[in-house]
Every structure is written in structure tokens, then in C-alpha cells.
Amino acid sequence: MNPVASSTKTSKPVYLCLIWHMHQPYYKDLVKGEYRLPWVRMHGIKDYFDMVSILKDFPSVRQNFNLVPCLMEQILDYTEKQAKDSYMDLSLKPAKSLSKKERMQILQYFFFAEWENMIKPYPRYWQLLKKRGFQTDENQLEKVEKIFKTQDLLDLQVLFNLTWFDPLFKRTDPFLQSLLKKGENFTEEEKGLLLQKQIEVMRSIVPEYRKFSDTGQIEISTTPFYHPILPLLCNTNRARDTCPNIHLPKNQFIHPEDARKQVEMAVEYHEKLFGNKPVGMWPSEGSVSEEIIPIIADAGIRWIATDEEILIYSMLPTFIREKKEKKDFLYKPYRVEVDGRSLNILFRDHGLSDLLGFVYSKWDPRDAAEDFIQHIHRIRDATITDQEAPLVTVILDGENAWEYYKNDGWDFFTELYTLLSRDTLIQTTTVQDYLDRFPPKETMPRLHAGSWINHNFRIWIGHEEDNTSWDYLYETREFLTRTLREKQGSLDPAKIEMAWKEIYIAEGSDWNWWYGDDHSSMNDRDFDELYRKHLANVYTLMGEEPPDKLMIPIIREKRAEITTEITSFMHPAIDGIVTNYYEWISAALYNISNMGGTMHQTDSIIQRIYYGFNLQSFFLRMDTSQRLDQSIFKELTFQVHFTEPQGIRIIMKFQEGKIMAHLYQNGKDPEPLTEVAKEKIIEIGIPFKNLGVSVNDRVSFFIMVKRKNMELEKWPIGPSLSFMVPSADFEKIMWSV
């Protein structure tokens, strides 16, 4: 398969701006001086160096990297100040000296990696995982801990720290190659050298970015220091601009001075690291509003970027009136002006960014790269006659997606960069170089307040847990300012500085990313405890006892790990195939195959569960790990059990090459459901009237796979998946302006 040749005769290129956003939350407890979680270290040896280093083989490919200051600060803490995290402490301890509690922690935490690509390729690692079991709780860990020998635990300590190294280092470093060849029966000396190797790799990160930046092959941009949602720092009521009926915290948080401080600290730190001030900024989560424009412009920033939906809703009346298409408005920069200050602003192509982040990982690398190039050529053909220099902007997370790619994405990037190097009609560019050549010609009439997710701020505010965290932040900040007024001159300046740092850390977006029903992870409890610890530390630093409520979890109960939420009505064709990419794009996704840690089961029959609705029906899709035409499925039933409304279940069976579905309800005859199909996937449509529910009723369910009467799988393992039956204005609420 070859990339589609451009049908447009002109030789003018389309410009491609790829921006990789590199970020980790702030994991350090400043009072204890300890890191709670190891992900800066693990991504430090896997993603940050190689993402830029690969460009040396492709000198004509130009890229943009957005490096968040709080990430860089943590990297340097490891390399310059010998910082350690709790996982490193567990790794360093001799296996024979581990306590029972520590042995259980290692068995729980040291399989936190993507199983398919990071554990299964290593026979000993996979063997240890099977020995521990794919699903664990504290009682089970206590049982299996007894069967793990000292060498088992030593091998696990080594393999966990080894698997996170990027393939670049596994290919080129003799010591890592020797460990990979050995495979098992590692020594304590080898383990110690391995952990030293991690720090050695992390020391090379900042110099590598500096080197490529100095040559002009990359541009480095920044983000407000601790990754806050700037519009909400300025005023939490800004959330009502897009969601008028959203439930907000009791206390209105209005601190634009904190937003300004986060921006100024970022610019200062960037200059310290790289020798020059940044000219570009990705506002955290692409979150923008008009009031942040003067703050960012005053810091010397010249361009920002956000999502295409922000552009659409900023200019919505024009789009409706003139019936504009994506090609007419998206592929060019704009200018935004507020209070006499202006910024250049770019808008990411949402679909292309998501293809890289969520879709291509399951494709053949060559096919994925060629498909991406074809998309760029189609955009060029649609825009080149009307625009002087069409610009395609693709922005996404630069670290977390690659563990779901084979070989950590190296095969895909090699194919993609090879194609880009050869393609004369696609020119990769840094943002500022493009803007210097082709400054924007249009000024936006207004800037819609929202983020890259659904053009609003719902992820970070509105849920009970989100609102509680905002109220705790408000109260802690009020305590700090009050204490500073009352105790002027009697407090240690170093402790005052650290207390303010804790406030700025707590303003970061990451904490509320995990609060609420939107997202969940294997580290939910850790994030909750760490957030509350940052706030409690403010009281401790000021010589006061923290309030008791900061000792109580904000997370009230464990939630199912939903990758995406329902965003709009859907009308899928129930035919057992994915008719097109957009058919299920608005559905919620419960991704079993990508969970990692104790919740991920590589060998499960069901890999992904999608669900969504329109006004009439609830739709469910199940993707399986095996082809549905295999004989094993004749013995299985797929069952949907409803906990709300209670007493209803749907049973699907394979018969004569087809799938049949019946709804069972206590005291009633089985009711056949006609909207069900299987081919590549299983799809079913269930009318709300069959469930006996109406608008605003909650529907909760889980799925079981059985062979005869034996349960093989239940998903989710914990609480049920759930949603509210929508009203006619559901989309209006979700997409309100």
C-alpha cells in the first residue's frame, strides 16, 4: 500500500506541526521529601529521551515538544539531588530482607506495566505474573506471598525496573542486553547496577533536548508550572460559561494572581533550563478563556494552542450562517486579542490527534504511518487552492500512548518519519518558524472558555469529589494568607516559600482528573492521599495541626475505570462490524485490555466494552480477544446483568452462526431482542421501554461470560457501569455554549 498521491497539481506543501506534550503530576511530599509514585522515573527511562533522540536519524523532520516545568523539576530532583520514590525503596531492599508487608507490596505494584507489550514478551516476568494471578485483592496477596521464593522476588524487582527501559537502550546498552539475555536468576549486584543505569539515562534527558533545540530541529514550549487549569484558577464560575447548570463548589475560587504566578514561574524555569525564554505555551489540558490571554501575553509568550472545538464554539454563529466545513477554518493560525494584548493561537485536529493516541497502536506500523500520511494529503488537496500555506496541527500526550504500541512505538515512528522525510508535499515545521513565515490573517471575534475535552471544564469541576477538592484548596489557601497576616515576621521564610509551593502544586489539574466518575486508575487512592497531603503540609509548615477532614479520603468509593465518557447521541448500525471510525466515537469505553496492573487481564475473552444511547435505546458493544467464528463461542453465553433497574438480565447465545438475545425479568416470559448481531464484534440495541426506565433514571449494569453455568469473567470486577437515561437536551447540556 502506498500513500495516496496528491491530486492537486501545485507543488506547494501542506505544513505539519506535531506537538508532543510531556507531563507527569507532582508526586513528591515536600515535608517528608519522598516521592509517592515512580512514574517520572519510569517514563524518564522509557519516553522522554528517545522521543527526541530518534530525530537524529531524520534531520529533515522538525518537531515541537511541550515540556511541563514540574516534570522537568522532578527529573532533575532524581539526577541532581538523589531523590527516591517508594517503589525505588522497595527495589533497593535485598530480597531476602523484605518483610511480609513489603513482599505483598512488590507483588501488588511490580506488575504495573502494560501486560501485552511490557510483561508477556519476557518469559520469566510472565511466569511470575501467572504465579501471582491476574486478579488480586489483599486476601489473595496474603495467600500467594507464601509461595514466592526469595529469588522470585529478586527477579521481579529486576524485571519491573528493566521492562520500562526504552527499546533504544535495550538495543544499545551492553549491560541491559546482558540482563535481557540472562532473563532470570538475577543477583543483588545486578539489581543495584540496573537502578544506577536508570539515573544515568535520566541525566541525558535535558542535554538531549537542549542539543536539538540549539540546532533548530525542535522547538520547546512550556505549560503553567504545576499544570493548573488557568481559567478555573482565575474564577471557578467560568465553568458555567459552557455548562450553565453545573453544580459548583461552595466557595468560589478567584485567584488570577495564582494563574499569573504559575505562568511566570514556568517562563523563568524554562529560561534556566534551556538558556532562552519560551515563545509558545500549551495551556494545561488546552484550557483557555479570554481572561488568561493578558496573563500569558505579559509573560512574553507569543503563541498558544488548544482544540478545534474551542475554535468552532468561539465562532459558532459564523459557522452556522456560512455552513463552514473543517477545511474552511481549521488549518490555519488565528490571532486572539484581549485588553490590548494579543497572542497567536493554533487549533489541533482532534481526529488526527486521537488516531495517534488511541487507534494506531493496534495497527501494523507501516499501515498506520501510511494512513496518517493519506489523511494529511487529503487535507492538503482540500485546502491548498484556497490557502497560502495550510497548517495541520496535531497535539497529544507524548508519553503514555507508546506502551500500547509494539516496541514502544519505535516501529511506527520509524515508518512515519521515513515517509515524512521523503514526502515533498508535506513539510514538518516548528510552530514559531511557521508563524514567522505565515503570520495569522484573521482575528477571532471571541474566545470560547473550555478545554480540549468536550470544550468545557467538566472533568475538573462539578462532580461531588471535584467540588470537595476545590473547597479544600480554597480553605487551605485562605488559612495560609490569614496566617501570614497574623504572624508577620515570625515565620521561617523557607517554610513560607514551601507552603506556597504546596498550594501551587495542589492547583494542578491532575488531582481532579482522577476525582469524579470521569477517570480511574490503579493509583486512585495514591492520588487522593497525595493531594490531601499537599494541603495538610501547608498547615504543618505554618505550625498548625491539619484539619481532620484532610485525613479522610475524598474518594468515597472505588469506581469502574472508564477510559472515555458518553459525549453525544449515537445511531449505530447493529450489524456486528465497525461500519466507520465515528460510529462508536461518542460512546463510553471500558477498556479491559489497557488497564494494566491488577485490573488488566490479557487473556480475557472480552477486551473492550462500549456503551452509549440515543433517546430511544441503550447500545452495547463488546470487542473480543478471539474471532467470533471459533467453535469456543458455541459453549458461551454473554450476559448483561442490571443492578438498576434490578432483576433484569439479557442473555446472548450463539446458535447456527448467529447470535440470539433474550431479556429476562422476574415473573415474566423471556422477551426476544431483535437488534443484536455478531461478526467482528458483538453489538446490541436495547430499547429503554424494555427496561422500564425513563428520563433521569439511572441504569447500572455489568457483563458476565459463562460456560454453561460457570462464570468465566465479570466486568467490571468492582462497581457496575452506569449512566442516566438522557433527556432531549442531553447534547445541548454536553455541548452548551
# chains A, B, ... in the order shown; residues from 1 in each chain; ligands from 1
call {"tool": "select_by_dssp", "arguments": {"residues": "segment 92-160 of chain A", "states": "alpha helix (DSSP H)", "output": "PyMOL selection string"}}
result
chain A and resi 92+100-109+123-132+138-144+150-160
call {"tool": "write_last_selection", "arguments": {"atoms": "N, CA and C atoms", "output": "compact mmCIF listing (two decimals), in the first residue's frame"}}
result
# COMPACT_ATOMS: atom_id res chain seq x y z
N LEU A 92 15.38 -1.41 46.04
CA LEU A 92 16.72 -1.42 46.58
C LEU A 92 16.91 -2.42 47.72
N LYS A 100 7.03 -9.21 55.30
CA LYS A 100 5.84 -9.75 54.66
C LYS A 100 5.06 -8.64 53.96
N LYS A 101 4.92 -7.50 54.62
CA LYS A 101 4.20 -6.38 54.02
C LYS A 101 4.88 -5.92 52.73
N GLU A 102 6.20 -5.83 52.76
CA GLU A 102 6.95 -5.40 51.58
C GLU A 102 6.85 -6.42 50.45
N ARG A 103 6.87 -7.68 50.79
CA ARG A 103 6.70 -8.72 49.77
C ARG A 103 5.34 -8.58 49.09
N MET A 104 4.31 -8.33 49.88
CA MET A 104 2.96 -8.15 49.32
C MET A 104 2.89 -6.89 48.45
N GLN A 105 3.57 -5.83 48.87
CA GLN A 105 3.57 -4.60 48.06
C GLN A 105 4.25 -4.82 46.72
N ILE A 106 5.35 -5.55 46.73
CA ILE A 106 6.03 -5.85 45.47
C ILE A 106 5.13 -6.67 44.56
N LEU A 107 4.43 -7.64 45.11
CA LEU A 107 3.53 -8.46 44.30
C LEU A 107 2.36 -7.65 43.77
N GLN A 108 1.98 -6.61 44.49
CA GLN A 108 0.88 -5.77 44.02
C GLN A 108 1.34 -4.75 42.99
N TYR A 109 2.48 -4.09 43.25
CA TYR A 109 2.88 -2.93 42.46
C TYR A 109 3.80 -3.24 41.29
N PRO A 123 9.59 -14.14 29.30
CA PRO A 123 9.03 -15.39 29.83
C PRO A 123 9.01 -15.46 31.36
N ARG A 124 10.10 -15.05 31.99
CA ARG A 124 10.16 -15.13 33.45
C ARG A 124 9.16 -14.17 34.09
N TYR A 125 9.05 -12.95 33.53
CA TYR A 125 8.12 -11.95 34.06
C TYR A 125 6.68 -12.45 33.92
N TRP A 126 6.36 -13.00 32.76
CA TRP A 126 5.01 -13.53 32.52
C TRP A 126 4.73 -14.72 33.45
N GLN A 127 5.75 -15.54 33.68
CA GLN A 127 5.59 -16.67 34.59
C GLN A 127 5.27 -16.19 36.01
N LEU A 128 5.97 -15.15 36.45
CA LEU A 128 5.72 -14.63 37.79
C LEU A 128 4.33 -14.00 37.90
N LEU A 129 3.88 -13.35 36.84
CA LEU A 129 2.53 -12.78 36.85
C LEU A 129 1.48 -13.89 36.97
N LYS A 130 1.63 -14.94 36.20
CA LYS A 130 0.68 -16.05 36.28
C LYS A 130 0.73 -16.71 37.66
N LYS A 131 1.90 -16.76 38.25
CA LYS A 131 2.04 -17.34 39.59
C LYS A 131 1.30 -16.50 40.62
N ARG A 132 1.40 -15.17 40.46
CA ARG A 132 0.67 -14.29 41.38
C ARG A 132 -0.82 -14.30 41.14
N GLU A 138 -6.28 -7.98 48.73
CA GLU A 138 -5.36 -8.14 49.84
C GLU A 138 -5.33 -9.56 50.37
N ASN A 139 -6.50 -10.20 50.45
CA ASN A 139 -6.55 -11.57 50.96
C ASN A 139 -5.80 -12.53 50.04
N GLN A 140 -5.97 -12.34 48.73
CA GLN A 140 -5.28 -13.22 47.80
C GLN A 140 -3.77 -12.99 47.84
N LEU A 141 -3.36 -11.71 47.94
CA LEU A 141 -1.93 -11.42 48.02
C LEU A 141 -1.31 -12.07 49.24
N GLU A 142 -2.05 -12.09 50.33
CA GLU A 142 -1.52 -12.70 51.55
C GLU A 142 -1.32 -14.20 51.36
N LYS A 143 -2.17 -14.80 50.56
CA LYS A 143 -2.04 -16.24 50.31
C LYS A 143 -0.87 -16.53 49.36
N VAL A 144 -0.79 -15.78 48.25
CA VAL A 144 0.23 -16.10 47.25
C VAL A 144 1.62 -15.67 47.69
N THR A 150 12.61 -16.26 47.59
CA THR A 150 13.45 -15.05 47.56
C THR A 150 13.91 -14.72 46.14
N GLN A 151 14.31 -15.73 45.37
CA GLN A 151 14.76 -15.48 44.00
C GLN A 151 13.63 -14.98 43.12
N ASP A 152 12.40 -15.47 43.36
CA ASP A 152 11.24 -14.97 42.62
C ASP A 152 11.11 -13.46 42.81
N LEU A 153 11.21 -13.01 44.05
CA LEU A 153 11.04 -11.60 44.35
C LEU A 153 12.20 -10.77 43.82
N LEU A 154 13.41 -11.30 43.88
CA LEU A 154 14.55 -10.60 43.32
C LEU A 154 14.41 -10.46 41.81
N ASP A 155 13.99 -11.52 41.15
CA ASP A 155 13.76 -11.43 39.70
C ASP A 155 12.68 -10.41 39.39
N LEU A 156 11.64 -10.37 40.22
CA LEU A 156 10.55 -9.41 40.00
C LEU A 156 11.05 -7.98 40.20
N GLN A 157 11.87 -7.75 41.20
CA GLN A 157 12.44 -6.41 41.41
C GLN A 157 13.22 -5.96 40.17
N VAL A 158 13.99 -6.87 39.60
CA VAL A 158 14.80 -6.53 38.43
C VAL A 158 13.94 -6.34 37.19
N LEU A 159 13.01 -7.25 36.95
CA LEU A 159 12.23 -7.21 35.71
C LEU A 159 11.32 -5.98 35.64
N PHE A 160 10.75 -5.58 36.77
CA PHE A 160 9.92 -4.38 36.77
C PHE A 160 10.74 -3.15 36.38
call {"tool": "residues_around", "arguments": {"residues": "Trp39 of chain A", "least_positions_apart": "6", "cutoff": "12 Å", "atoms": "only C-alpha atoms", "output": "PyMOL selection string"}}
result
chain A and resi 23-28+45-48+71+74-75+78+84-88+112-113+161+164+399-400+523
call {"tool": "write_last_selection", "arguments": {"atoms": "N, CA, C and O atoms", "output": "mmCIF file, in the first residue's frame"}}
result
data_model
loop_
_atom_site.group_PDB
_atom_site.id
_atom_site.type_symbol
_atom_site.label_atom_id
_atom_site.label_comp_id
_atom_site.auth_asym_id
_atom_site.auth_seq_id
_atom_site.Cartn_x
_atom_site.Cartn_y
_atom_site.Cartn_z
ATOM 1 N N HIS A 23 4.366 15.363 30.352
ATOM 2 C CA HIS A 23 3.904 15.817 31.672
ATOM 3 C C HIS A 23 3.742 14.650 32.633
ATOM 4 O O HIS A 23 3.358 13.554 32.238
ATOM 5 N N GLN A 24 4.030 14.891 33.892
ATOM 6 C CA GLN A 24 3.681 13.998 34.996
ATOM 7 C C GLN A 24 3.210 14.852 36.168
ATOM 8 O O GLN A 24 3.693 15.977 36.355
ATOM 9 N N PRO A 25 2.276 14.340 36.977
ATOM 10 C CA PRO A 25 1.873 15.063 38.196
ATOM 11 C C PRO A 25 3.049 15.208 39.156
ATOM 12 O O PRO A 25 4.081 14.542 39.009
ATOM 13 N N TYR A 26 2.876 16.042 40.169
ATOM 14 C CA TYR A 26 3.934 16.249 41.151
ATOM 15 C C TYR A 26 3.769 15.229 42.269
ATOM 16 O O TYR A 26 2.880 15.337 43.104
ATOM 17 N N TYR A 27 4.643 14.233 42.275
ATOM 18 C CA TYR A 27 4.476 13.085 43.163
ATOM 19 C C TYR A 27 5.173 13.246 44.512
ATOM 20 O O TYR A 27 5.045 12.378 45.376
ATOM 21 N N LYS A 28 5.893 14.318 44.720
ATOM 22 C CA LYS A 28 6.729 14.440 45.915
ATOM 23 C C LYS A 28 5.972 15.062 47.080
ATOM 24 O O LYS A 28 5.282 16.073 46.933
ATOM 25 N N ILE A 45 13.003 6.800 31.798
ATOM 26 C CA ILE A 45 13.869 5.835 31.112
ATOM 27 C C ILE A 45 13.201 5.258 29.871
ATOM 28 O O ILE A 45 13.850 4.554 29.100
ATOM 29 N N LYS A 46 11.920 5.581 29.658
ATOM 30 C CA LYS A 46 11.201 4.987 28.536
ATOM 31 C C LYS A 46 10.852 5.976 27.433
ATOM 32 O O LYS A 46 10.891 5.616 26.250
ATOM 33 N N ASP A 47 10.504 7.204 27.767
ATOM 34 C CA ASP A 47 9.880 8.063 26.758
ATOM 35 C C ASP A 47 10.605 9.371 26.461
ATOM 36 O O ASP A 47 10.662 9.797 25.308
ATOM 37 N N TYR A 48 11.098 10.039 27.473
ATOM 38 C CA TYR A 48 11.498 11.431 27.266
ATOM 39 C C TYR A 48 12.743 11.570 26.405
ATOM 40 O O TYR A 48 12.820 12.460 25.564
ATOM 41 N N LEU A 71 7.426 18.536 35.617
ATOM 42 C CA LEU A 71 8.057 17.283 35.202
ATOM 43 C C LEU A 71 9.569 17.445 35.198
ATOM 44 O O LEU A 71 10.298 16.606 35.745
ATOM 45 N N GLN A 74 11.131 17.491 38.604
ATOM 46 C CA GLN A 74 11.217 16.174 39.237
ATOM 47 C C GLN A 74 12.334 15.329 38.621
ATOM 48 O O GLN A 74 13.024 14.591 39.332
ATOM 49 N N ILE A 75 12.513 15.415 37.308
ATOM 50 C CA ILE A 75 13.622 14.689 36.672
ATOM 51 C C ILE A 75 14.948 15.123 37.278
ATOM 52 O O ILE A 75 15.790 14.291 37.648
ATOM 53 N N TYR A 78 15.734 13.774 40.742
ATOM 54 C CA TYR A 78 16.329 12.436 40.737
ATOM 55 C C TYR A 78 17.817 12.486 40.388
ATOM 56 O O TYR A 78 18.632 11.791 41.000
ATOM 57 N N LYS A 84 14.456 9.700 45.749
ATOM 58 C CA LYS A 84 13.990 8.320 45.646
ATOM 59 C C LYS A 84 12.482 8.311 45.778
ATOM 60 O O LYS A 84 11.880 9.242 46.307
ATOM 61 N N ASP A 85 11.876 7.238 45.278
ATOM 62 C CA ASP A 85 10.441 7.045 45.444
ATOM 63 C C ASP A 85 10.199 5.739 46.180
ATOM 64 O O ASP A 85 11.111 4.931 46.364
ATOM 65 N N SER A 86 8.963 5.527 46.602
ATOM 66 C CA SER A 86 8.647 4.348 47.409
ATOM 67 C C SER A 86 8.916 3.056 46.644
ATOM 68 O O SER A 86 9.324 2.047 47.230
ATOM 69 N N TYR A 87 8.724 3.065 45.317
ATOM 70 C CA TYR A 87 8.981 1.873 44.515
ATOM 71 C C TYR A 87 10.484 1.604 44.407
ATOM 72 O O TYR A 87 10.910 0.452 44.343
ATOM 73 N N MET A 88 11.282 2.684 44.385
ATOM 74 C CA MET A 88 12.726 2.501 44.368
ATOM 75 C C MET A 88 13.211 1.915 45.691
ATOM 76 O O MET A 88 14.090 1.041 45.719
ATOM 77 N N PHE A 112 2.751 -3.295 37.529
ATOM 78 C CA PHE A 112 2.137 -2.099 36.970
ATOM 79 C C PHE A 112 2.870 -1.735 35.680
ATOM 80 O O PHE A 112 3.767 -0.885 35.646
ATOM 81 N N ALA A 113 2.518 -2.398 34.615
ATOM 82 C CA ALA A 113 3.053 -2.155 33.277
ATOM 83 C C ALA A 113 2.025 -2.711 32.298
ATOM 84 O O ALA A 113 1.156 -3.500 32.687
ATOM 85 N N ASN A 161 11.937 -3.045 36.922
ATOM 86 C CA ASN A 161 12.788 -1.898 36.624
ATOM 87 C C ASN A 161 13.449 -1.996 35.259
ATOM 88 O O ASN A 161 13.875 -0.987 34.694
ATOM 89 N N TRP A 164 10.766 -1.166 31.816
ATOM 90 C CA TRP A 164 10.413 0.205 31.488
ATOM 91 C C TRP A 164 11.472 0.907 30.636
ATOM 92 O O TRP A 164 11.218 1.986 30.096
ATOM 93 N N GLU A 399 3.861 10.597 25.944
ATOM 94 C CA GLU A 399 4.474 9.526 26.713
ATOM 95 C C GLU A 399 3.590 8.302 26.901
ATOM 96 O O GLU A 399 4.013 7.169 26.661
ATOM 97 N N ASN A 400 2.348 8.483 27.341
ATOM 98 C CA ASN A 400 1.573 7.340 27.820
ATOM 99 C C ASN A 400 1.074 6.412 26.729
ATOM 100 O O ASN A 400 0.802 5.239 26.987
ATOM 101 N N ASN A 523 -3.911 3.827 40.622
ATOM 102 C CA ASN A 523 -3.322 4.665 41.669
ATOM 103 C C ASN A 523 -4.295 5.692 42.226
ATOM 104 O O ASN A 523 -3.868 6.705 42.807
#
call {"tool": "closest_residue", "arguments": {"among": "A:Lys668, A:Arg378, A:Lys96, A:Arg210", "to": "Asn276 of chain A", "atoms": "only C-alpha atoms"}}
result
A:Arg210
call {"tool": "residues_around", "arguments": {"residues": "segment 216-228 of chain A", "least_positions_apart": "3", "cutoff": "7 Å", "atoms": "only C-alpha atoms", "output": "list of chain:residue names"}}
result
A:Arg62, A:Gln63, A:Asn64, A:Phe65, A:Asn66, A:Leu67, A:Val68, A:Pro69, A:Cys70, A:Phe212, A:Ser213, A:Gln262, A:Val263, A:Met265, A:Ala266, A:Pro278, A:Val279, A:Gly280, A:Met281, A:Trp282, A:Pro283, A:Ser284, A:Thr430, A:Tyr504, A:Ile505, A:Glu507, A:Gly508, A:Ser509
call {"tool": "write_last_selection", "arguments": {"atoms": "N, CA, C and O atoms", "output": "mmCIF file, in the first residue's frame"}}
result
data_model
loop_
_atom_site.group_PDB
_atom_site.id
_atom_site.type_symbol
_atom_site.label_atom_id
_atom_site.label_comp_id
_atom_site.auth_asym_id
_atom_site.auth_seq_id
_atom_site.Cartn_x
_atom_site.Cartn_y
_atom_site.Cartn_z
ATOM 1 N N ARG A 62 11.033 18.057 11.566
ATOM 2 C CA ARG A 62 11.066 19.048 12.643
ATOM 3 C C ARG A 62 9.868 18.821 13.562
ATOM 4 O O ARG A 62 8.776 18.493 13.105
ATOM 5 N N GLN A 63 10.096 18.985 14.852
ATOM 6 C CA GLN A 63 9.090 18.642 15.846
ATOM 7 C C GLN A 63 8.988 19.727 16.911
ATOM 8 O O GLN A 63 9.858 20.594 17.032
ATOM 9 N N ASN A 64 7.919 19.610 17.710
ATOM 10 C CA ASN A 64 7.688 20.522 18.824
ATOM 11 C C ASN A 64 7.452 19.688 20.084
ATOM 12 O O ASN A 64 6.695 18.707 20.049
ATOM 13 N N PHE A 65 8.103 20.075 21.163
ATOM 14 C CA PHE A 65 7.947 19.369 22.432
ATOM 15 C C PHE A 65 7.515 20.358 23.504
ATOM 16 O O PHE A 65 8.173 21.382 23.713
ATOM 17 N N ASN A 66 6.418 20.032 24.154
ATOM 18 C CA ASN A 66 5.937 20.860 25.252
ATOM 19 C C ASN A 66 6.351 20.194 26.564
ATOM 20 O O ASN A 66 5.816 19.140 26.925
ATOM 21 N N LEU A 67 7.314 20.773 27.245
ATOM 22 C CA LEU A 67 7.876 20.190 28.462
ATOM 23 C C LEU A 67 7.332 20.944 29.674
ATOM 24 O O LEU A 67 7.634 22.127 29.867
ATOM 25 N N VAL A 68 6.544 20.260 30.492
ATOM 26 C CA VAL A 68 5.925 20.897 31.651
ATOM 27 C C VAL A 68 6.973 21.075 32.749
ATOM 28 O O VAL A 68 7.686 20.130 33.095
ATOM 29 N N PRO A 69 7.108 22.273 33.301
ATOM 30 C CA PRO A 69 8.171 22.524 34.278
ATOM 31 C C PRO A 69 8.177 21.581 35.473
ATOM 32 O O PRO A 69 9.240 21.170 35.932
ATOM 33 N N CYS A 70 6.996 21.222 36.005
ATOM 34 C CA CYS A 70 7.009 20.361 37.196
ATOM 35 C C CYS A 70 7.530 18.969 36.868
ATOM 36 O O CYS A 70 8.050 18.266 37.745
ATOM 37 N N PHE A 212 19.028 19.466 20.504
ATOM 38 C CA PHE A 212 18.151 19.555 19.332
ATOM 39 C C PHE A 212 17.504 20.931 19.215
ATOM 40 O O PHE A 212 17.232 21.400 18.108
ATOM 41 N N SER A 213 17.259 21.576 20.344
ATOM 42 C CA SER A 213 16.710 22.931 20.303
ATOM 43 C C SER A 213 17.739 23.909 19.732
ATOM 44 O O SER A 213 17.396 24.793 18.936
ATOM 45 N N GLN A 262 1.860 31.024 38.160
ATOM 46 C CA GLN A 262 2.161 29.736 37.529
ATOM 47 C C GLN A 262 2.787 29.941 36.155
ATOM 48 O O GLN A 262 3.711 29.209 35.759
ATOM 49 N N VAL A 263 2.306 30.937 35.419
ATOM 50 C CA VAL A 263 2.861 31.227 34.089
ATOM 51 C C VAL A 263 4.262 31.817 34.211
ATOM 52 O O VAL A 263 5.196 31.414 33.508
ATOM 53 N N MET A 265 6.438 31.559 36.671
ATOM 54 C CA MET A 265 7.394 30.550 37.144
ATOM 55 C C MET A 265 7.811 29.629 36.004
ATOM 56 O O MET A 265 8.979 29.226 35.911
ATOM 57 N N ALA A 266 6.865 29.284 35.139
ATOM 58 C CA ALA A 266 7.178 28.399 34.013
ATOM 59 C C ALA A 266 8.175 29.044 33.064
ATOM 60 O O ALA A 266 9.141 28.406 32.619
ATOM 61 N N PRO A 278 10.667 30.729 26.574
ATOM 62 C CA PRO A 278 9.804 30.069 25.591
ATOM 63 C C PRO A 278 8.937 31.091 24.877
ATOM 64 O O PRO A 278 8.559 32.112 25.450
ATOM 65 N N VAL A 279 8.647 30.808 23.618
ATOM 66 C CA VAL A 279 7.731 31.677 22.880
ATOM 67 C C VAL A 279 6.356 31.035 22.743
ATOM 68 O O VAL A 279 5.403 31.689 22.318
ATOM 69 N N GLY A 280 6.259 29.739 23.111
ATOM 70 C CA GLY A 280 4.990 29.037 22.970
ATOM 71 C C GLY A 280 4.545 28.384 24.251
ATOM 72 O O GLY A 280 5.351 28.094 25.135
ATOM 73 N N MET A 281 3.240 28.149 24.349
ATOM 74 C CA MET A 281 2.681 27.521 25.541
ATOM 75 C C MET A 281 1.451 26.703 25.171
ATOM 76 O O MET A 281 0.578 27.161 24.420
ATOM 77 N N TRP A 282 1.419 25.466 25.688
ATOM 78 C CA TRP A 282 0.193 24.661 25.672
ATOM 79 C C TRP A 282 -0.446 24.856 27.036
ATOM 80 O O TRP A 282 0.031 24.308 28.036
ATOM 81 N N PRO A 283 -1.513 25.659 27.133
ATOM 82 C CA PRO A 283 -2.169 25.803 28.429
ATOM 83 C C PRO A 283 -2.663 24.429 28.898
ATOM 84 O O PRO A 283 -3.172 23.650 28.088
ATOM 85 N N SER A 284 -2.491 24.129 30.151
ATOM 86 C CA SER A 284 -2.810 22.797 30.668
ATOM 87 C C SER A 284 -4.158 22.319 30.153
ATOM 88 O O SER A 284 -5.173 23.012 30.279
ATOM 89 N N THR A 430 8.336 23.690 13.015
ATOM 90 C CA THR A 430 8.114 24.158 14.377
ATOM 91 C C THR A 430 7.080 25.275 14.323
ATOM 92 O O THR A 430 6.894 25.922 13.282
ATOM 93 N N TYR A 504 0.499 25.833 45.075
ATOM 94 C CA TYR A 504 0.592 25.804 43.613
ATOM 95 C C TYR A 504 0.540 24.370 43.086
ATOM 96 O O TYR A 504 -0.063 24.108 42.038
ATOM 97 N N ILE A 505 1.162 23.441 43.809
ATOM 98 C CA ILE A 505 1.095 22.034 43.403
ATOM 99 C C ILE A 505 -0.351 21.547 43.456
ATOM 100 O O ILE A 505 -0.832 20.864 42.537
ATOM 101 N N GLU A 507 -2.943 23.172 43.046
ATOM 102 C CA GLU A 507 -3.745 23.791 41.985
ATOM 103 C C GLU A 507 -3.620 23.040 40.666
ATOM 104 O O GLU A 507 -4.341 23.347 39.714
ATOM 105 N N GLY A 508 -2.726 22.066 40.584
ATOM 106 C CA GLY A 508 -2.545 21.309 39.355
ATOM 107 C C GLY A 508 -3.796 20.552 38.950
ATOM 108 O O GLY A 508 -4.615 20.150 39.787
ATOM 109 N N SER A 509 -3.929 20.308 37.671
ATOM 110 C CA SER A 509 -5.147 19.687 37.133
ATOM 111 C C SER A 509 -5.233 18.194 37.411
ATOM 112 O O SER A 509 -6.308 17.611 37.340
#
call {"tool": "closest_residue", "arguments": {"among": "A:Ile147, A:Leu230, A:Val52, A:Leu194", "to": "Glu208 of chain A", "atoms": "only C-alpha atoms"}}
result
A:Val52
call {"tool": "atom_distance", "arguments": {"atom1": "atom CA of Tyr122 of chain A", "atom2": "atom CA of Asp364 of chain A"}}
result
21.6 Å
call {"tool": "select_by_dssp", "arguments": {"residues": "segment 412-571 of chain A", "states": "strand (DSSP E or B)", "output": "ChimeraX atom specification"}}
result
/A:426-428,443,450,508,562-564
call {"tool": "residues_around", "arguments": {"residues": "Ile574 of chain A", "least_positions_apart": "6", "cutoff": "8 Å", "atoms": "only C-alpha atoms", "output": "ChimeraX atom specification"}}
result
/A:675-677,683-685
call {"tool": "atom_distance", "arguments": {"atom1": "atom CA of Pro244 of chain A", "atom2": "atom CA of Thr318 of chain A"}}
result
22.4 Å
call {"tool": "residues_around", "arguments": {"residues": "Ser287 of chain A", "least_positions_apart": "2", "cutoff": "10 Å", "atoms": "only C-alpha atoms", "output": "PyMOL selection string"}}
result
chain A and resi 228-232+282-285+289+292+305-307+310+448-453+455-457
call {"tool": "atom_distance", "arguments": {"atom1": "atom CA of Glu388 of chain A", "atom2": "atom CA of Asp354 of chain A"}}
result
26.7 Å
